[in-house]
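Below is the file work21.cif, which contains mmCIF, C-alpha atoms.
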```cif
data_data
loop_
_atom_site.label_atom_id
_atom_site.label_comp_id
_atom_site.auth_asym_id
_atom_site.auth_seq_id
_atom_site.Cartn_x
_atom_site.Cartn_y
_atom_site.Cartn_z
CA MET A 11 -19.86 5.38 11.02
CA THR A 12 -19.12 2.30 13.11
CA PHE A 13 -15.71 1.83 14.69
CA THR A 14 -14.32 -1.45 15.95
CA ASP A 15 -12.52 -0.87 19.23
CA HIS A 16 -9.19 -2.62 19.72
CA SER A 17 -7.57 -2.34 23.13
CA ALA A 18 -3.97 -1.18 23.08
CA THR A 19 -3.17 -3.70 25.81
CA GLN A 20 -3.66 -6.71 23.53
CA LEU A 21 -0.90 -9.27 23.69
CA THR A 22 1.27 -9.22 20.59
CA THR A 23 0.01 -12.03 18.40
CA GLY A 24 0.01 -12.83 14.73
CA PRO A 25 2.16 -14.72 12.24
CA LEU A 26 5.11 -12.35 12.84
CA ALA A 27 4.91 -12.26 16.63
CA GLY A 28 8.45 -12.24 18.05
CA VAL A 29 10.02 -10.80 14.88
CA VAL A 30 11.94 -7.57 15.54
CA VAL A 31 11.98 -5.06 12.68
CA ALA A 32 14.44 -2.15 12.67
CA ASP A 33 12.78 0.46 10.48
CA PHE A 34 15.29 2.94 9.05
CA SER A 35 12.84 4.12 6.39
CA ARG A 36 10.72 7.22 6.04
CA VAL A 37 7.93 8.80 3.98
CA LEU A 38 5.78 6.08 2.32
CA ALA A 39 7.03 2.80 0.80
CA GLY A 40 9.11 1.68 3.78
CA PRO A 41 6.74 2.84 6.54
CA TYR A 42 3.81 1.23 4.72
CA ALA A 43 5.72 -2.07 4.60
CA THR A 44 6.65 -1.96 8.28
CA GLN A 45 3.10 -1.06 9.26
CA LEU A 46 1.89 -4.20 7.46
CA MET A 47 4.49 -6.21 9.40
CA GLY A 48 3.44 -4.57 12.65
CA ASP A 49 -0.19 -5.44 11.97
CA MET A 50 0.91 -9.05 11.61
CA GLY A 51 2.51 -8.99 15.06
CA ALA A 52 6.09 -7.91 14.43
CA THR A 53 7.73 -5.59 16.97
CA VAL A 54 8.68 -2.60 14.83
CA VAL A 55 11.11 0.11 15.99
CA LYS A 56 10.80 3.23 13.87
CA VAL A 57 14.14 5.04 13.92
CA GLU A 58 13.91 8.74 13.17
CA ALA A 59 16.46 11.51 12.80
CA PRO A 60 16.06 14.40 15.26
CA ALA A 61 14.03 16.29 12.65
CA GLY A 62 11.59 13.39 12.36
CA ASP A 63 9.92 11.74 9.39
CA GLU A 64 9.08 14.42 6.81
CA THR A 65 5.50 13.20 6.56
CA ARG A 66 4.75 14.37 10.10
CA GLY A 67 4.54 17.87 8.66
CA TRP A 68 2.89 17.12 5.33
CA ALA A 69 -0.30 18.99 6.15
CA PRO A 70 -3.07 19.87 5.75
CA PRO A 71 -4.99 17.66 6.23
CA GLU A 72 -4.12 16.95 9.83
CA ARG A 73 -5.47 15.58 13.10
CA ASP A 74 -4.37 17.09 16.42
CA GLY A 75 -1.54 18.90 14.69
CA VAL A 76 -0.07 15.87 12.89
CA SER A 77 -0.58 15.10 9.22
CA THR A 78 -3.05 12.39 8.35
CA TYR A 79 -0.42 11.19 5.86
CA TYR A 80 1.86 10.18 8.74
CA LEU A 81 -1.02 8.78 10.80
CA GLY A 82 -2.08 6.50 7.96
CA ILE A 83 1.16 4.47 7.76
CA ASN A 84 2.78 4.35 11.20
CA ARG A 85 0.63 2.42 13.68
CA ASN A 86 1.96 -0.52 15.70
CA LYS A 87 5.46 0.95 15.98
CA ALA A 88 7.75 2.00 18.81
CA ASP A 89 9.70 5.17 18.11
CA VAL A 90 13.25 6.17 18.93
CA VAL A 91 15.30 9.18 17.82
CA LEU A 92 18.88 8.38 16.79
CA ASP A 93 21.29 10.81 15.19
CA PHE A 94 23.63 8.74 13.02
CA LYS A 95 26.18 11.57 13.08
CA ASP A 96 26.51 11.14 16.85
CA SER A 97 28.88 8.29 17.73
CA ASP A 98 26.83 7.05 20.67
CA ASP A 99 23.56 7.09 18.75
CA ARG A 100 25.27 5.47 15.75
CA ALA A 101 26.47 2.64 18.01
CA LEU A 102 22.92 2.15 19.28
CA ALA A 103 21.61 2.00 15.70
CA GLN A 104 24.24 -0.62 14.88
CA GLU A 105 23.25 -2.62 17.96
CA LEU A 106 19.59 -2.42 16.96
CA ALA A 107 20.48 -3.75 13.51
CA ARG A 108 22.57 -6.51 15.12
CA ARG A 109 19.62 -7.66 17.22
CA ALA A 110 16.92 -7.26 14.59
CA ASP A 111 15.43 -10.06 12.53
CA VAL A 112 14.58 -7.58 9.77
CA VAL A 113 16.17 -4.29 8.78
CA ILE A 114 14.38 -2.12 6.25
CA GLU A 115 15.75 1.11 4.78
CA ASN A 116 15.16 3.49 1.89
CA PHE A 117 18.30 5.62 1.87
CA LYS A 118 19.94 6.17 -1.49
CA PRO A 119 21.86 3.00 -2.40
CA GLY A 120 25.10 2.96 -0.43
CA GLY A 121 24.02 5.84 1.77
CA LEU A 122 24.20 3.85 5.01
CA ALA A 123 27.70 2.45 4.44
CA LYS A 124 29.39 5.44 6.08
CA PHE A 125 27.40 4.71 9.25
CA GLY A 126 28.18 0.99 9.31
CA LEU A 127 24.51 0.24 8.65
CA ASP A 128 24.65 -1.12 5.11
CA TYR A 129 23.87 -4.77 4.44
CA SER A 130 27.48 -5.97 4.44
CA SER A 131 28.24 -4.28 7.75
CA VAL A 132 25.07 -5.49 9.43
CA ALA A 133 25.37 -9.05 8.09
CA ALA A 134 28.93 -9.28 9.43
CA THR A 135 27.56 -9.25 12.99
CA ASN A 136 24.04 -10.53 12.22
CA PRO A 137 24.36 -13.15 9.46
CA GLY A 138 20.74 -14.21 9.82
CA VAL A 139 19.37 -10.72 9.16
CA VAL A 140 16.78 -10.15 6.44
CA TYR A 141 17.83 -6.75 5.14
CA ALA A 142 15.42 -4.99 2.79
CA SER A 143 16.49 -1.99 0.70
CA ILE A 144 13.99 0.20 -1.14
CA SER A 145 15.10 2.59 -3.87
CA GLY A 146 13.68 4.43 -6.83
CA PHE A 147 15.73 2.92 -9.63
CA GLY A 148 17.87 0.16 -8.13
CA SER A 149 21.45 0.02 -6.92
CA ALA A 150 23.20 -0.12 -10.31
CA GLY A 151 22.91 2.57 -12.97
CA GLY A 152 20.03 4.32 -11.24
CA ALA A 153 21.58 4.48 -7.78
CA ALA A 154 21.97 8.26 -7.82
CA LEU A 155 18.45 9.01 -9.08
CA PRO A 156 15.90 10.30 -6.55
CA GLY A 157 13.08 7.86 -5.92
CA TYR A 158 9.88 9.88 -6.07
CA ASP A 159 6.66 8.11 -7.01
CA LEU A 160 5.67 10.89 -9.43
CA ILE A 161 8.95 10.62 -11.31
CA VAL A 162 8.53 6.86 -11.63
CA GLN A 163 4.94 7.26 -12.80
CA ALA A 164 6.29 9.48 -15.55
CA ALA A 165 9.44 7.54 -16.44
CA SER A 166 7.85 4.07 -16.34
CA GLY A 167 5.15 4.93 -18.86
CA LEU A 168 2.15 4.93 -16.50
CA MET A 169 1.36 8.59 -17.15
CA SER A 170 1.32 7.90 -20.88
CA LEU A 171 -1.58 5.54 -20.17
CA THR A 172 -3.51 7.86 -17.87
CA GLY A 173 -5.77 10.68 -19.09
CA ASP A 174 -7.86 11.51 -22.14
CA PRO A 175 -6.48 10.22 -25.46
CA ASP A 176 -6.02 13.74 -26.82
CA GLY A 177 -5.37 15.44 -23.51
CA GLN A 178 -2.63 15.82 -20.95
CA ALA A 179 -0.96 12.83 -19.36
CA TYR A 180 -1.96 12.47 -15.71
CA ARG A 181 -0.45 10.93 -12.63
CA SER A 182 -2.51 8.48 -10.65
CA GLY A 183 -4.39 10.15 -7.81
CA VAL A 184 -2.56 7.80 -5.42
CA SER A 185 1.19 7.16 -5.03
CA VAL A 186 0.60 3.74 -6.49
CA PHE A 187 4.19 2.65 -6.96
CA ASP A 188 5.27 3.68 -3.47
CA ILE A 189 2.45 1.57 -2.04
CA MET A 190 3.09 -1.34 -4.38
CA THR A 191 6.82 -1.26 -3.68
CA GLY A 192 6.07 -1.36 0.05
CA MET A 193 3.96 -4.43 -0.59
CA GLN A 194 6.73 -6.00 -2.69
CA ALA A 195 9.19 -5.32 0.12
CA THR A 196 6.86 -7.05 2.56
CA ILE A 197 6.49 -10.06 0.27
CA GLY A 198 10.27 -10.23 -0.13
CA VAL A 199 10.84 -10.04 3.63
CA LEU A 200 8.29 -12.77 4.32
CA ALA A 201 9.86 -15.06 1.70
CA ALA A 202 13.34 -14.38 3.08
CA LEU A 203 12.17 -15.13 6.62
CA ARG A 204 10.81 -18.45 5.38
CA HIS A 205 14.18 -19.17 3.74
CA ARG A 206 15.96 -18.29 6.99
CA GLU A 207 13.66 -20.59 8.92
CA ALA A 208 14.62 -23.44 6.59
CA THR A 209 18.35 -22.73 6.28
CA GLY A 210 19.38 -20.29 9.01
CA GLN A 211 20.64 -17.89 6.34
CA GLY A 212 19.69 -14.25 6.04
CA GLN A 213 19.86 -12.29 2.81
CA HIS A 214 19.60 -8.91 1.14
CA VAL A 215 16.21 -8.13 -0.39
CA GLU A 216 16.16 -5.26 -2.91
CA VAL A 217 13.08 -3.64 -4.42
CA ASN A 218 12.76 -0.48 -6.47
CA LEU A 219 9.91 1.64 -7.75
CA LEU A 220 10.70 1.30 -11.46
CA SER A 221 10.85 -2.51 -11.43
CA THR A 222 7.65 -2.56 -9.40
CA ALA A 223 6.01 -0.24 -11.92
CA LEU A 224 6.93 -2.39 -14.91
CA SER A 225 5.66 -5.48 -13.13
CA ALA A 226 2.46 -3.79 -11.92
CA MET A 227 1.55 -2.53 -15.38
CA ALA A 228 1.20 -6.24 -16.22
CA ASN A 229 -0.81 -6.48 -19.44
CA HIS A 230 0.41 -3.09 -20.67
CA SER A 231 4.05 -4.02 -20.13
CA SER A 232 3.39 -7.35 -21.81
CA THR A 233 1.82 -5.60 -24.80
CA PHE A 234 5.21 -4.09 -25.59
CA ILE A 235 7.51 -6.84 -24.34
CA ALA A 236 5.61 -9.74 -25.91
CA ALA A 237 4.03 -8.10 -28.97
CA GLY A 238 6.24 -5.09 -29.64
CA GLN A 239 3.28 -2.71 -29.48
CA VAL A 240 3.35 0.46 -27.40
CA PRO A 241 0.06 0.92 -25.47
CA PHE A 242 -1.57 4.33 -25.69
CA ARG A 243 -3.76 6.51 -23.53
CA MET A 244 -7.46 5.60 -23.73
CA GLY A 245 -9.04 7.60 -20.94
CA ASN A 246 -11.26 5.28 -18.92
CA ALA A 247 -11.52 2.69 -21.69
CA HIS A 248 -9.90 -0.74 -21.60
CA PRO A 249 -7.75 -1.79 -24.57
CA SER A 250 -9.13 -5.33 -24.73
CA LEU A 251 -12.63 -5.23 -23.25
CA PHE A 252 -15.88 -3.36 -23.90
CA PRO A 253 -17.93 -2.37 -22.03
CA TYR A 254 -15.41 -1.89 -19.23
CA GLU A 255 -15.65 1.81 -18.36
CA PRO A 256 -17.93 4.52 -16.99
CA LEU A 257 -21.05 5.04 -19.09
CA ALA A 258 -23.49 7.95 -18.89
CA THR A 259 -26.91 7.44 -17.32
CA ALA A 260 -29.86 9.82 -16.85
CA ASP A 261 -28.07 11.74 -14.10
CA GLY A 262 -24.37 10.87 -14.14
CA GLU A 263 -22.12 7.92 -14.82
CA LEU A 264 -21.92 4.28 -13.78
CA VAL A 265 -18.99 1.92 -14.28
CA VAL A 266 -20.26 -1.08 -16.26
CA VAL A 267 -18.30 -4.28 -16.86
CA ALA A 268 -19.11 -7.12 -19.23
CA ALA A 269 -15.88 -9.04 -19.58
CA ASN A 270 -17.21 -12.15 -21.32
CA ASN A 271 -20.13 -13.32 -23.44
CA ALA A 272 -22.27 -14.50 -20.54
CA GLN A 273 -21.88 -11.18 -18.75
CA PHE A 274 -22.78 -9.26 -21.89
CA ALA A 275 -25.93 -11.34 -22.31
CA LYS A 276 -26.98 -10.45 -18.75
CA LEU A 277 -26.26 -6.79 -19.39
CA ALA A 278 -28.22 -6.68 -22.64
CA ALA A 279 -31.21 -8.38 -21.04
CA ALA A 280 -31.18 -6.08 -18.00
CA LEU A 281 -30.99 -3.00 -20.23
CA GLY A 282 -33.96 -4.21 -22.27
CA VAL A 283 -31.96 -4.75 -25.47
CA PRO A 284 -31.49 -8.55 -25.60
CA GLU A 285 -31.28 -8.40 -29.39
CA LEU A 286 -27.73 -7.07 -29.11
CA VAL A 287 -26.53 -10.56 -28.23
CA ASP A 288 -27.60 -11.84 -31.66
CA ASP A 289 -25.97 -8.98 -33.53
CA GLU A 290 -22.89 -10.42 -35.24
CA ARG A 291 -21.02 -7.18 -34.56
CA PHE A 292 -21.23 -7.89 -30.83
CA ALA A 293 -21.29 -11.68 -30.72
CA ALA A 294 -17.96 -12.25 -29.00
CA THR A 295 -15.57 -10.32 -26.77
CA GLU A 296 -13.23 -9.48 -29.62
CA ASP A 297 -16.18 -8.33 -31.76
CA ARG A 298 -17.47 -5.98 -29.08
CA ASN A 299 -13.97 -4.66 -28.59
CA ARG A 300 -13.47 -4.07 -32.30
CA ASN A 301 -16.90 -2.49 -32.78
CA ARG A 302 -17.13 -0.53 -29.56
CA GLU A 303 -17.97 2.72 -31.35
CA GLN A 304 -21.08 1.07 -32.81
CA LEU A 305 -22.05 -0.58 -29.52
CA ARG A 306 -21.47 2.36 -27.18
CA PRO A 307 -24.38 4.57 -28.43
CA LEU A 308 -26.79 1.65 -28.18
CA LEU A 309 -25.83 1.07 -24.54
CA LEU A 310 -25.96 4.80 -23.77
CA ASP A 311 -29.45 5.07 -25.21
CA ALA A 312 -30.69 2.31 -22.92
CA LEU A 313 -28.86 3.68 -19.87
CA SER A 314 -30.32 7.16 -20.40
CA ARG A 315 -33.72 5.92 -19.22
CA ARG A 316 -32.76 5.61 -15.53
CA THR A 317 -30.45 7.19 -12.98
CA SER A 318 -27.13 5.75 -11.89
CA ALA A 319 -28.60 4.65 -8.54
CA GLN A 320 -31.52 2.93 -10.24
CA TRP A 321 -29.30 1.15 -12.74
CA PHE A 322 -26.95 0.08 -9.96
CA GLU A 323 -29.83 -1.73 -8.26
CA VAL A 324 -31.20 -3.21 -11.48
CA LEU A 325 -27.90 -4.37 -12.90
CA THR A 326 -26.60 -5.73 -9.61
CA ALA A 327 -29.79 -7.76 -9.17
CA ALA A 328 -29.28 -9.13 -12.68
CA GLY A 329 -25.73 -10.24 -11.87
CA VAL A 330 -24.03 -7.54 -13.92
CA ALA A 331 -20.83 -6.08 -12.52
CA CYS A 332 -21.19 -2.33 -12.04
CA GLY A 333 -20.34 0.35 -9.54
CA PRO A 334 -20.93 3.97 -8.66
CA ILE A 335 -18.12 6.52 -8.95
CA ASN A 336 -17.78 7.45 -5.28
CA THR A 337 -15.65 9.92 -3.42
CA ILE A 338 -13.57 8.44 -0.57
CA ASP A 339 -16.37 8.90 1.94
CA GLY A 340 -18.66 6.94 -0.33
CA GLY A 341 -16.08 4.17 -0.63
CA VAL A 342 -15.78 3.92 3.15
CA ALA A 343 -19.57 3.95 3.51
CA LEU A 344 -19.90 1.15 0.93
CA ALA A 345 -17.35 -0.97 2.80
CA GLU A 346 -19.33 -0.36 6.00
CA ARG A 347 -22.57 -1.46 4.35
CA LEU A 348 -20.87 -4.61 3.08
CA GLY A 349 -19.70 -5.52 6.59
CA LEU A 350 -15.99 -5.03 5.85
CA GLU A 351 -15.47 -2.81 8.93
CA PRO A 352 -12.92 -0.61 7.13
CA VAL A 353 -12.12 1.67 10.08
CA VAL A 354 -10.68 0.75 13.47
CA HIS A 355 -9.80 2.88 16.48
CA VAL A 356 -6.27 2.39 17.77
CA GLY A 357 -5.51 3.54 21.29
CA GLU A 358 -7.58 4.75 24.17
CA GLY A 359 -9.23 7.99 25.18
CA ASP A 360 -7.83 11.18 23.69
CA ALA A 361 -4.90 9.23 22.17
CA ALA A 362 -7.17 7.02 20.05
CA VAL A 363 -6.70 7.43 16.31
CA PRO A 364 -9.05 6.12 13.59
CA VAL A 365 -7.13 4.19 10.93
CA VAL A 366 -7.87 2.00 7.92
CA ARG A 367 -8.14 -1.70 8.68
CA ASN A 368 -5.41 -3.99 7.36
CA PRO A 369 -6.88 -5.51 4.17
CA ILE A 370 -5.74 -9.08 4.90
CA ARG A 371 -8.10 -11.38 6.82
CA PHE A 372 -6.49 -14.30 8.68
CA SER A 373 -8.74 -17.02 10.08
CA ALA A 374 -6.27 -18.05 12.80
CA THR A 375 -3.89 -15.11 13.32
CA PRO A 376 -5.80 -11.88 12.68
CA ALA A 377 -4.13 -8.51 12.33
CA THR A 378 -4.01 -6.52 15.57
CA TYR A 379 -4.12 -2.81 16.22
CA ARG A 380 -2.12 -2.34 19.38
CA THR A 381 -0.70 1.15 19.39
CA PRO A 382 -1.45 4.39 17.55
CA PRO A 383 1.16 6.15 15.41
CA PRO A 384 3.78 7.32 17.92
CA SER A 385 5.01 10.79 18.67
CA LEU A 386 8.64 11.52 17.83
CA GLY A 387 10.87 9.64 20.27
CA ALA A 388 7.93 8.24 22.25
CA ASP A 389 9.87 5.10 23.18
CA ASP A 390 13.38 6.55 23.49
CA ASP A 391 13.92 5.43 27.08
CA ALA A 392 12.61 1.90 26.62
CA VAL A 393 14.47 1.20 23.36
CA ARG A 394 17.75 2.70 24.57
CA ALA A 395 17.54 0.70 27.81
CA TRP A 396 16.90 -2.49 25.87
CA LEU A 397 19.85 -1.86 23.57
CA ALA A 398 22.10 -1.28 26.59
CA GLY A 399 20.89 -4.44 28.32
CA PRO A 400 21.14 -8.16 27.59
CA ALA A 401 20.14 -9.15 24.09
CA GLU A 402 18.20 -12.10 25.47
CA THR A 403 15.47 -9.79 26.78
CA PRO A 404 12.60 -9.70 24.27
CA LEU A 405 12.07 -6.20 22.95
CA ALA A 406 8.31 -6.55 23.35
CA ASP A 407 8.87 -7.08 27.09
CA ALA A 408 11.21 -4.10 27.28
CA LEU A 409 8.53 -1.84 25.86
CA ASP A 410 6.87 -1.83 29.26
CA ASN A 411 4.56 1.05 28.37
CA PRO A 412 1.95 -0.71 26.18
CA LEU A 413 0.56 2.57 24.88
CA PRO A 414 3.15 4.99 23.52
CA ALA A 415 2.03 8.59 23.30
CA ALA A 416 0.01 9.14 20.15
CA ALA A 417 1.37 11.38 17.48
CA GLY A 418 0.47 14.94 18.34
CA ALA A 419 0.21 14.23 22.08
CA GLY A 420 3.75 15.47 22.76
CA ARG A 421 6.80 13.68 24.04
#
```

Could I get this structure in the form of structure tokens?
Amino acid sequence: MTFTDHSATQLTTGPLAGVVVADFSRVLAGPYATQLMGDMGATVVKVEAPAGDETRGWAPPERDGVSTYYLGINRNKADVVLDFKDSDDRALAQELARRADVVIENFKPGGLAKFGLDYSSVAATNPGVVYASISGFGSAGGAALPGYDLIVQAASGLMSLTGDPDGQAYRSGVSVFDIMTGMQATIGVLAALRHREATGQGQHVEVNLLSTALSAMANHSSTFIAAGQVPFRMGNAHPSLFPYEPLATADGELVVVAANNAQFAKLAAALGVPELVDDERFAATEDRNRNREQLRPLLLDALSRRTSAQWFEVLTAAGVACGPINTIDGGVALAERLGLEPVVHVGEGDAAVPVVRNPIRFSATPATYRTPPPSLGADDDAVRAWLAGPAETPLADALDNPLPAAAGAGR
């Protein structure tokens, strides 16, 4: 595997260079959002309680005694421990929020008010702040409900769409709505920063997992909202397209996609059954969808003559969309072969940590990988000194140690 080396002493650059983010979030959605902002050049201060982010201990798997879960979503951050129940630490947290351009938190709605860290309190001394709140079910009727991705996958309807038609409902193998909500929070913050640039006004940005889920289920949500029909579980099949699913070959399965008439013609020709195009049962997309049970055995018969690897080469050469069903290592290897450089090393020497590359490519302001995920309280001294000093000093300058101790390296 090839790693791209990024020196931890890079100057902070990127479209968010100079933006200070106070990160009062933990676990997944919030830390994922702030990592994206850090990759784009923001100076992110991860604020942790003395016990630390729970994900530090979510192991195995682990690397150097720290969970890979934590390592995957916390690069490019300084780290300070503040106990909100302690008056001095609470005052420092309030000062950090006063100086920050962005505050992001995922406490239960209203949970920070008692510490003077809710939006109203922060905006009173920092009217230009972009304050992002992440919750499970919003700040109205669902304010008291716990915001776990699994619960939202169940309650939103996603699990009713996932699994065999006659089998058990399944969760997605990934915490999809946590990740998507983190992305929505990032989009909201970026839009609010643009608004502040134009008007000087900050604002409160709220995102929640359930609203994200309903939006992200796009065509399925629209099926009910626009047509009054409740979608149902179809395994790996698509409700409106066929073929658009894994199909058996001589030695396994291959995902095959023919989403329009031209693609189906290429598929039929490559499989050696061009006559299917002239069959009125399969002439158009809606016909193939309606008559999928008649078409499927004809495709399976043709696919049974070669292996998945052989068909992947043949169909790809013919311009047919298809793909192997890889494990994660296969997905990383494929990205490597395609020149996407999916893995980067962050840090130096024993502190270097391999992480997944930011998926966004900028032609002028590329993402940077400056510091590895920090150990608990790695930047206590620097952050506390900055908060006690003049606000005019840039935080990036105050973090005079360009390479905080990597997670697992000790404080």

Discussion item. From (6.6, 12.6, -9.0), in the file's coordinates, out to 12 Å: which residues are reached, counting all atoms listed in the file? Answer as a ChimeraX atom specification.
Written reply: /A:146,156-166,168-169,180-188,219

Can I get the selected residues back with C-alpha atoms, as a PDB file, in the coordinates of the input?
```
ATOM      1  CA  GLY A 146      13.680   4.430  -6.830  1.00  0.00           C
ATOM      2  CA  PRO A 156      15.900  10.300  -6.550  1.00  0.00           C
ATOM      3  CA  GLY A 157      13.080   7.860  -5.920  1.00  0.00           C
ATOM      4  CA  TYR A 158       9.880   9.880  -6.070  1.00  0.00           C
ATOM      5  CA  ASP A 159       6.660   8.110  -7.010  1.00  0.00           C
ATOM      6  CA  LEU A 160       5.670  10.890  -9.430  1.00  0.00           C
ATOM      7  CA  ILE A 161       8.950  10.620 -11.310  1.00  0.00           C
ATOM      8  CA  VAL A 162       8.530   6.860 -11.630  1.00  0.00           C
ATOM      9  CA  GLN A 163       4.940   7.260 -12.800  1.00  0.00           C
ATOM     10  CA  ALA A 164       6.290   9.480 -15.550  1.00  0.00           C
ATOM     11  CA  ALA A 165       9.440   7.540 -16.440  1.00  0.00           C
ATOM     12  CA  SER A 166       7.850   4.070 -16.340  1.00  0.00           C
ATOM     13  CA  LEU A 168       2.150   4.930 -16.500  1.00  0.00           C
ATOM     14  CA  MET A 169       1.360   8.590 -17.150  1.00  0.00           C
ATOM     15  CA  TYR A 180      -1.960  12.470 -15.710  1.00  0.00           C
ATOM     16  CA  ARG A 181      -0.450  10.930 -12.630  1.00  0.00           C
ATOM     17  CA  SER A 182      -2.510   8.480 -10.650  1.00  0.00           C
ATOM     18  CA  GLY A 183      -4.390  10.150  -7.810  1.00  0.00           C
ATOM     19  CA  VAL A 184      -2.560   7.800  -5.420  1.00  0.00           C
ATOM     20  CA  SER A 185       1.190   7.160  -5.030  1.00  0.00           C
ATOM     21  CA  VAL A 186       0.600   3.740  -6.490  1.00  0.00           C
ATOM     22  CA  PHE A 187       4.190   2.650  -6.960  1.00  0.00           C
ATOM     23  CA  ASP A 188       5.270   3.680  -3.470  1.00  0.00           C
ATOM     24  CA  LEU A 219       9.910   1.640  -7.750  1.00  0.00           C
TER      25      LEU A 219
END
```

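Distances here use only C-alpha atoms; by that measure, the residue among A:Glu402, A:Glu207, A:Asp389, A:Glu72 closest to A:Val54 is A:Asp389.
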
Could you produce a table of the residues of stretch 321-415 of chain A lying within 10 Å of stretch 259-280 of chain A, with the nearest pair of atoms per residue and their separation in Å rounded to one decimal, using all atoms listed in the file, ordered by chain and increasing residue number, as CSV?
```
residue,atom,partner,partner_atom,distance
A:Trp321,CA,A:Leu264,CA,8.1
A:Phe322,CA,A:Leu264,CA,7.6
A:Val324,CA,A:Ala280,CA,7.1
A:Leu325,CA,A:Ala280,CA,6.3
A:Thr326,CA,A:Ala280,CA,9.6
A:Ala327,CA,A:Ala280,CA,9.1
A:Ala328,CA,A:Ala280,CA,6.4
A:Gly329,CA,A:Lys276,CA,7.0
A:Val330,CA,A:Leu277,CA,6.0
A:Ala331,CA,A:Val267,CA,5.3
A:Cys332,CA,A:Val266,CA,4.5
A:Gly333,CA,A:Val265,CA,5.2
A:Pro334,CA,A:Leu264,CA,5.2
A:Ile335,CA,A:Leu264,CA,6.5
A:Asn336,CA,A:Leu264,CA,10.0
```

Kindly export the residues of the current selection with C-alpha atoms, as an mmCIF file, in the coordinates of the input.
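What follows is the written file out-v4.cif:
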```
data_model
loop_
_atom_site.group_PDB
_atom_site.id
_atom_site.type_symbol
_atom_site.label_atom_id
_atom_site.label_comp_id
_atom_site.auth_asym_id
_atom_site.auth_seq_id
_atom_site.Cartn_x
_atom_site.Cartn_y
_atom_site.Cartn_z
ATOM 1 C CA TRP A 321 -29.300 1.150 -12.740
ATOM 2 C CA PHE A 322 -26.950 0.080 -9.960
ATOM 3 C CA VAL A 324 -31.200 -3.210 -11.480
ATOM 4 C CA LEU A 325 -27.900 -4.370 -12.900
ATOM 5 C CA THR A 326 -26.600 -5.730 -9.610
ATOM 6 C CA ALA A 327 -29.790 -7.760 -9.170
ATOM 7 C CA ALA A 328 -29.280 -9.130 -12.680
ATOM 8 C CA GLY A 329 -25.730 -10.240 -11.870
ATOM 9 C CA VAL A 330 -24.030 -7.540 -13.920
ATOM 10 C CA ALA A 331 -20.830 -6.080 -12.520
ATOM 11 C CA CYS A 332 -21.190 -2.330 -12.040
ATOM 12 C CA GLY A 333 -20.340 0.350 -9.540
ATOM 13 C CA PRO A 334 -20.930 3.970 -8.660
ATOM 14 C CA ILE A 335 -18.120 6.520 -8.950
ATOM 15 C CA ASN A 336 -17.780 7.450 -5.280
#
```

Practice prompt. Name the residues in contact with A:Gly177 at a cut-off of 12 Å, using only C-alpha atoms, excluding same-chain residues fewer than 4 positions from it; report them as an MDAnalysis selection string.
Written response: chainID A and resid 169:173 242:245

Practice prompt. Would you kindly return, as a ChimeraX atom specification, each protein, DNA or RNA residue with an atom no farther than 12 Å from any atom of A:Ala401, considering all atoms listed in the file and excluding same-chain residues fewer than 2 positions away?
Written response: /A:30,105-110,393,395-399,403-405,407-408

Practice prompt. Would you work out the distance separating atom CA of A:Leu81 from atom CA of A:Asn218, expressed in Å to one decimal?
Written response: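 One can read the atom CA of A:Leu81 to atom CA of A:Asn218 distance as 24.0 Å.
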
Worksheet item: Using all atoms listed in the file, which residues sit within 8 Å of A:Ala377 once same-chain residues fewer than 4 positions away are excluded, as a ChimeraX atom specification?
Response: /A:24,49-51,368,370-372

Which residues of stretch 140-192 of chain A sit at most 7 Å from stretch 35-48 of chain A, using only C-alpha atoms? Give each one's shortest atom pair and distance in Å (one decimal place), in chain and ascending residue order, as a Markdown table.
```
| residue | atom | partner | partner_atom | distance |
| --- | --- | --- | --- | --- |
| A:Asp188 | CA | A:Ala39 | CA | 4.7 |
| A:Ile189 | CA | A:Ala39 | CA | 5.5 |
| A:Thr191 | CA | A:Ala39 | CA | 6.0 |
| A:Gly192 | CA | A:Ala39 | CA | 4.3 |
```

Practice prompt. Pull out every residue that the PyMOL selection byres ((chain A and resi 362-366) around 9) matches in the shown coordinates and put them as a PyMOL selection string.
Written response: chain A and resi 13+73+81-83+85+352-361+367-369+381-383+416

Discussion item. So, with only C-alpha atoms as the atoms that count, which of A:Gly67, A:Pro307, A:Gly238, A:Pro137 lies closest to A:Leu257?
Written reply: A:Pro307

Taking all atoms of stretch 242-246 of chain A that the file lists, what box with edges along x, y and z, padded by 4 Å per side, do you get, with centre and edge lengths in Å to one decimal, as AutoDock Vina command-line options?
```
--center_x -6.4 --center_y 6.0 --center_z -22.3 --size_x 17.7 --size_y 11.3 --size_z 14.8
```

Worksheet entry | Nearby residues (only C-alpha atoms) at most 12 Å from stretch 197-200 of chain A, same-chain spacing under 5 positions excluded, as a ChimeraX atom specification | /A:25-26,29,31,40,43-44,46-47,50,52,111-114,139-144,190-192,205-207,212-218

Item to complete: Apply the PyMOL selection byres ((chain A and resi 125) around 8) to the displayed file and report the matching residues as a list in words.
Response: Phe94, Lys95, Arg100, Leu122, Ala123, Lys124, Gly126, Leu127 and Asp128 of chain A
